[in-house]
Amino acid sequence: MSAALGCWINGVSADALPADDRAVHYGDGVFETIVVHTGRPRFLEAHLARLSLGCTRLAIPFTALAELREEIAAAIAQAPPRAILKTIVTRGSAARRGYAPDGTESPRRLVSLWPSADVDFPGGVELRVATMRLGENPLLAGIKHLNRLENVLAAAELSKTDAFESLLLDSSGSLVCGSMSNVFLVREGQVVTPRIDRCGVAGVMRGIVLRECGVLGIHSLEARLSLEELFAADEAFITNARIGVVPVRRVGEHSFGMNKLALRLSAHIEPLDA
């Protein structure tokens with residue numbers, strides 16, 4: 001892993017959390033990963049909206065959004081032409097031992113800047129289906145909280161294969177997302193993505209794709225999907241903030257044709273930053 005270009009905690013240059021921070025003990029916090037391109041943070045407002053939603057869901061009393069914006073701007077001023085900016089909000093240092101917060105904790109902000117290379121997948125990517133299943137918890141569905149052990153386990157599975165990404169099913173067997181991405185299928189010109197209401201992360205790029213489908217006149221919807229429906233689709237693609245829109249070439253033994261609609265969406269979205 002490349003070294004960080006800079007790290008700030010509550011606006012002060014630092015590279016270590018206090019040992020009593022609840023993020024260290026319980027993963028008690030939320031985060032966002034933002035692409036910085038030529039000095040501009042892509043889709044910043046969407047990222048901050050999801051971060052705020054996560055804090056609300058977890059009952060983290062985060063009121064320093066203005067300060068976080070200033071810290072993001074200061075970090076970006078030091079960024080190379082292409083970089084990754086990560087923002088984390090933790091509940092803060094534990095006021096007492098045990099899982100339950102007592103409400104007196106002071107949320108802590110972390111901003112870090114990382115180098116990033118250009119990404120390009122001209123031939124599409126190959127996916128696999130993870131053997132592990134996502135636990136269902138509607139309260140946590142959609143948000144990007146710090147407890148990402150399911151994704152860690154799925155990525156560990158993936159590292160032993162030649163696939164680019166693992167698809168995750170929930171405990172009911174429905175398709176949810178990838179370990180680091182969201183997934184879309186195309187059938188008869190219609191774009192469909194799994195509903196993220198029981199588990200999984202509702203990625204910022206996922207939201208941008210759904211929004212821009214409307215701009216382009218492409219019908220899109222969220223639905224409960226099975227693996228069988230994915231395999232029956234005409235095309236498929238995955239998305240996240242870093243890689244954008246990427247066609248899927250294969251899932252296991254099932255092959256897809258090159259995704260013309262994904263390429264159209266990618267070309268349309270690539271110039272956007274809001």
# chains A, B, ... in the order shown; residues from 1 in each chain; ligands from 1

call {"tool": "select_by_dssp", "arguments": {"residues": "stretch 190-260 of chain A", "states": "helix (DSSP H, G or I)", "output": "list in words"}}
result
Val204, Met205, Arg206, Gly207, Ile208, Val209, Leu210, Arg211, Glu212, Cys213, Gly214, Val215, Leu216, Leu227, Glu228, Glu229, Leu230, Phe231 and Lys260 of chain A

call {"tool": "select_by_dssp", "arguments": {"residues": "stretch 4-244 of chain A", "states": "strand (DSSP E)", "output": "NGL selection string"}}
result
:A and (6-9 or 12-13 or 29-37 or 40-41 or 82-90 or 108-115 or 125-134 or 165-170 or 175-178 or 182-187 or 190-194 or 220-223 or 235-240 or 244)

call {"tool": "residues_around", "arguments": {"residues": "A:Val245", "least_positions_apart": "4", "cutoff": "7 Å", "atoms": "only C-alpha atoms", "output": "list in words"}}
result
Phe237, Ile238, Thr239, Ala262 and Ser266 of chain A

call {"tool": "closest_residue", "arguments": {"among": "A:Val201, A:Met180, A:Val111, A:Asp234", "to": "A:Asp15", "atoms": "only C-alpha atoms"}}
result
A:Val111

call {"tool": "atom_distance", "arguments": {"atom1": "atom CA of A:Val204", "atom2": "atom CA of A:Glu32"}}
result
9.4 Å

call {"tool": "closest_residue", "arguments": {"among": "A:Leu149, A:Leu48, A:Ala77, A:Met132", "to": "A:Leu65", "atoms": "only C-alpha atoms"}}
result
A:Leu48

call {"tool": "residues_around", "arguments": {"residues": "A:Leu185", "least_positions_apart": "5", "cutoff": "8 Å", "atoms": "only C-alpha atoms", "output": "PyMOL selection string"}}
result
chain A and resi 191-193+230+233-237

call {"tool": "write_last_selection", "arguments": {"atoms": "N, CA and C atoms", "output": "PDB file, in the first residue's frame"}}
result
ATOM      1  N   VAL A 191     -31.898  -0.631 -17.228  1.00  0.00           N
ATOM      2  CA  VAL A 191     -30.835  -0.812 -16.233  1.00  0.00           C
ATOM      3  C   VAL A 191     -31.467  -1.148 -14.886  1.00  0.00           C
ATOM      4  N   VAL A 192     -30.995  -2.213 -14.267  1.00  0.00           N
ATOM      5  CA  VAL A 192     -31.542  -2.664 -12.987  1.00  0.00           C
ATOM      6  C   VAL A 192     -30.386  -2.881 -12.010  1.00  0.00           C
ATOM      7  N   THR A 193     -30.567  -2.443 -10.781  1.00  0.00           N
ATOM      8  CA  THR A 193     -29.558  -2.651  -9.743  1.00  0.00           C
ATOM      9  C   THR A 193     -30.247  -3.185  -8.484  1.00  0.00           C
ATOM     10  N   LEU A 230     -29.283 -12.231 -12.952  1.00  0.00           N
ATOM     11  CA  LEU A 230     -28.036 -11.645 -13.456  1.00  0.00           C
ATOM     12  C   LEU A 230     -27.536 -12.430 -14.664  1.00  0.00           C
ATOM     13  N   ALA A 233     -29.274 -11.748 -17.900  1.00  0.00           N
ATOM     14  CA  ALA A 233     -29.235 -10.376 -18.408  1.00  0.00           C
ATOM     15  C   ALA A 233     -28.470 -10.292 -19.727  1.00  0.00           C
ATOM     16  N   ASP A 234     -28.757  -9.252 -20.475  1.00  0.00           N
ATOM     17  CA  ASP A 234     -28.043  -9.009 -21.727  1.00  0.00           C
ATOM     18  C   ASP A 234     -26.624  -8.512 -21.456  1.00  0.00           C
ATOM     19  N   GLU A 235     -26.478  -7.692 -20.446  1.00  0.00           N
ATOM     20  CA  GLU A 235     -25.199  -7.069 -20.125  1.00  0.00           C
ATOM     21  C   GLU A 235     -25.132  -6.861 -18.620  1.00  0.00           C
ATOM     22  N   ALA A 236     -23.925  -6.566 -18.114  1.00  0.00           N
ATOM     23  CA  ALA A 236     -23.753  -6.247 -16.703  1.00  0.00           C
ATOM     24  C   ALA A 236     -22.572  -5.298 -16.549  1.00  0.00           C
ATOM     25  N   PHE A 237     -22.592  -4.502 -15.476  1.00  0.00           N
ATOM     26  CA  PHE A 237     -21.444  -3.646 -15.173  1.00  0.00           C
ATOM     27  C   PHE A 237     -21.402  -3.376 -13.675  1.00  0.00           C
TER      28      PHE A 237
END

call {"tool": "atom_distance", "arguments": {"atom1": "atom CA of A:Ile196", "atom2": "atom CA of A:Lys144"}}
result
12.1 Å

call {"tool": "closest_residue", "arguments": {"among": "A:Gly124, A:Gly92, A:Gly6, A:Pro115", "to": "A:Arg22", "atoms": "only C-alpha atoms"}}
result
A:Gly92

call {"tool": "closest_residue", "arguments": {"among": "A:Ala94, A:Val183, A:Ala49, A:Leu265", "to": "A:Gly217", "atoms": "only C-alpha atoms"}}
result
A:Leu265

call {"tool": "closest_residue", "arguments": {"among": "A:Val89, A:Met258, A:Val129, A:Val209", "to": "A:Ile60", "atoms": "only C-alpha atoms"}}
result
A:Val89

call {"tool": "closest_atom_pairs", "arguments": {"of": "stretch 224-274 of chain A", "to": "stretch 162-170 of chain A", "cutoff": "10 Å", "atoms": "only C-alpha atoms", "output": "JSON lines"}}
result
{"residue": "A:Leu225", "atom": "CA", "partner": "A:Leu169", "partner_atom": "CA", "distance": 9.7}
{"residue": "A:Ser226", "atom": "CA", "partner": "A:Leu169", "partner_atom": "CA", "distance": 8.6}
{"residue": "A:Leu227", "atom": "CA", "partner": "A:Leu169", "partner_atom": "CA", "distance": 8.5}
{"residue": "A:Ile238", "atom": "CA", "partner": "A:Glu165", "partner_atom": "CA", "distance": 9.2}
{"residue": "A:Val248", "atom": "CA", "partner": "A:Phe164", "partner_atom": "CA", "distance": 9.8}
{"residue": "A:Arg250", "atom": "CA", "partner": "A:Ala163", "partner_atom": "CA", "distance": 9.2}
{"residue": "A:Val251", "atom": "CA", "partner": "A:Ala163", "partner_atom": "CA", "distance": 8.7}
{"residue": "A:Gly252", "atom": "CA", "partner": "A:Ala163", "partner_atom": "CA", "distance": 8.6}

call {"tool": "atom_distance", "arguments": {"atom1": "atom CA of A:Arg133", "atom2": "atom CA of A:Gly257"}}
result
27.7 Å

call {"tool": "closest_residue", "arguments": {"among": "A:Asp20, A:Glu212, A:Glu157, A:Glu67", "to": "A:Ala95", "atoms": "only C-alpha atoms"}}
result
A:Asp20
